[in-house]
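Here the structure is laid out as structure tokens; the discussion comes afterwards.
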Amino acid sequence: MSARDYEIHIRPLSEEDGGGYLATVPELPGCMSDGETPQEALENVLDAVNCWIEGAREMGRVVPPPRRTVA
């Protein structure tokens with residue numbers, strides 16, 4: 001399983017929210033990141049996924065498997 005196996009949602013942020021893009025991972029509660037471009041948001045959230053999984057394992061928590069199947 002890799003960070004890229006999880007579903008990632010990327011959406012633009014309003015100017016009131018600072019602009020740029022927000023990337024979230026619905027399967028991993030609280031796992032999100034942002035970036036100035038969609039690509040930067042994706043790269044940042046992939047790092048966040050890895051940190052989320054590492055933290056969950058260190059705390060003895062279950063890491064949900066990705067829902068989607070990658071061919």
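Ligands are numbered from 1 in the order shown, chains are lettered A, B, ... in the order of the structure tokens, and residues start at 1 in each chain.
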
(request) DSSP on the backbone, then: every residue of chain A marked strand (DSSP E), written as a ChimeraX atom specification. (result) /A:9-12,21-24,32-35

(request) Using backbone DSSP assignments, extract all alpha helix (DSSP H) residues from chain A; output them as number ranges by chain. (result) A: 38-58

Residue subset to file, keeping N, CA and C atoms, as a JSON list (two decimals), in the first residue's frame:
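For reference, selection.json as written:
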```
[["chain", "number", "residue", "atom", "x", "y", "z"],
["A", 38, "PRO", "N", -2.39, 22.78, -7.92],
["A", 38, "PRO", "CA", -2.90, 21.44, -7.65],
["A", 38, "PRO", "C", -1.77, 20.42, -7.49],
["A", 39, "GLN", "N", -0.73, 20.53, -8.31],
["A", 39, "GLN", "CA", 0.39, 19.59, -8.22],
["A", 39, "GLN", "C", 1.11, 19.71, -6.87],
["A", 40, "GLU", "N", 1.32, 20.93, -6.41],
["A", 40, "GLU", "CA", 1.97, 21.13, -5.11],
["A", 40, "GLU", "C", 1.09, 20.59, -3.98],
["A", 41, "ALA", "N", -0.21, 20.80, -4.07],
["A", 41, "ALA", "CA", -1.13, 20.27, -3.06],
["A", 41, "ALA", "C", -1.07, 18.75, -3.05],
["A", 42, "LEU", "N", -1.01, 18.13, -4.23],
["A", 42, "LEU", "CA", -0.91, 16.67, -4.33],
["A", 42, "LEU", "C", 0.38, 16.18, -3.70],
["A", 43, "GLU", "N", 1.50, 16.77, -4.06],
["A", 43, "GLU", "CA", 2.79, 16.36, -3.50],
["A", 43, "GLU", "C", 2.79, 16.49, -1.97],
["A", 44, "ASN", "N", 2.24, 17.59, -1.48],
["A", 44, "ASN", "CA", 2.21, 17.81, -0.03],
["A", 44, "ASN", "C", 1.30, 16.81, 0.68],
["A", 45, "VAL", "N", 0.14, 16.50, 0.08],
["A", 45, "VAL", "CA", -0.77, 15.58, 0.74],
["A", 45, "VAL", "C", -0.23, 14.14, 0.69],
["A", 46, "LEU", "N", 0.53, 13.79, -0.32],
["A", 46, "LEU", "CA", 1.14, 12.46, -0.34],
["A", 46, "LEU", "C", 2.11, 12.30, 0.83],
["A", 47, "ASP", "N", 2.84, 13.35, 1.14],
["A", 47, "ASP", "CA", 3.72, 13.35, 2.31],
["A", 47, "ASP", "C", 2.88, 13.25, 3.58],
["A", 48, "ALA", "N", 1.77, 13.99, 3.62],
["A", 48, "ALA", "CA", 0.88, 13.95, 4.79],
["A", 48, "ALA", "C", 0.30, 12.55, 5.01],
["A", 49, "VAL", "N", -0.04, 11.85, 3.94],
["A", 49, "VAL", "CA", -0.56, 10.49, 4.04],
["A", 49, "VAL", "C", 0.49, 9.59, 4.70],
["A", 50, "ASN", "N", 1.71, 9.68, 4.24],
["A", 50, "ASN", "CA", 2.78, 8.86, 4.82],
["A", 50, "ASN", "C", 2.96, 9.16, 6.30],
["A", 51, "CYS", "N", 2.91, 10.44, 6.67],
["A", 51, "CYS", "CA", 3.04, 10.83, 8.08],
["A", 51, "CYS", "C", 1.85, 10.35, 8.89],
["A", 52, "TRP", "N", 0.65, 10.41, 8.32],
["A", 52, "TRP", "CA", -0.56, 9.97, 9.00],
["A", 52, "TRP", "C", -0.46, 8.47, 9.30],
["A", 53, "ILE", "N", -0.06, 7.70, 8.29],
["A", 53, "ILE", "CA", 0.06, 6.25, 8.46],
["A", 53, "ILE", "C", 1.13, 5.93, 9.51],
["A", 54, "GLU", "N", 2.27, 6.58, 9.43],
["A", 54, "GLU", "CA", 3.34, 6.34, 10.39],
["A", 54, "GLU", "C", 2.88, 6.67, 11.81],
["A", 55, "GLY", "N", 2.21, 7.80, 11.98],
["A", 55, "GLY", "CA", 1.72, 8.19, 13.30],
["A", 55, "GLY", "C", 0.70, 7.21, 13.84],
["A", 56, "ALA", "N", -0.22, 6.77, 13.00],
["A", 56, "ALA", "CA", -1.24, 5.81, 13.42],
["A", 56, "ALA", "C", -0.59, 4.51, 13.87],
["A", 57, "ARG", "N", 0.37, 4.04, 13.13],
["A", 57, "ARG", "CA", 1.06, 2.78, 13.50],
["A", 57, "ARG", "C", 1.81, 2.93, 14.81],
["A", 58, "GLU", "N", 2.47, 4.07, 15.00],
["A", 58, "GLU", "CA", 3.20, 4.31, 16.25],
["A", 58, "GLU", "C", 2.27, 4.32, 17.45]]
```

(request) Quick one: pull the distance between CA of Glu15 (chain A) and CA of Ser33 (chain A), Å, one decimal. (result) 16.7 Å

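You can rank A:Val25, A:Gly60, A:Gly19, A:Met32 by their closest distance to Tyr6 (chain A) using only C-alpha atoms, and at the top of that list sits A:Val25.
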
(request) Might you pull out every residue within 8 Å of Pro12 (chain A), with only C-alpha atoms counted and same-chain residues fewer than 3 positions away left off, and present them as number ranges by chain? (result) A: 19-22

Residues just named, written with C-alpha atoms as a short mmCIF file (atom, residue, chain, number, x, y, z; two decimals), in the first residue's frame:
```cif
data_model
loop_
_atom_site.label_atom_id
_atom_site.label_comp_id
_atom_site.auth_asym_id
_atom_site.auth_seq_id
_atom_site.Cartn_x
_atom_site.Cartn_y
_atom_site.Cartn_z
CA GLY A 19 -6.06 30.98 -2.21
CA GLY A 20 -4.23 27.98 -3.62
CA TYR A 21 -5.56 24.45 -3.38
CA LEU A 22 -6.62 22.10 -0.59
#
```

(message) Just want the 8 Å neighbourhood of Pro66 (chain A), counted on only C-alpha atoms, with same-chain residues fewer than 4 positions away dropped. Output as a PyMOL selection string.
(response) chain A and resi 1+5-7+27

(request) One decimal, Å: what's the distance from CA of Gly18 (chain A) over to CA of Glu36 (chain A), could you say? (result)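 We find that CA of Gly18 (chain A) and CA of Glu36 (chain A) lie 9.6 Å from each other.
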
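A straight line drawn from CA of Ile10 (chain A) to CA of Val63 (chain A) is 21.8 Å long.
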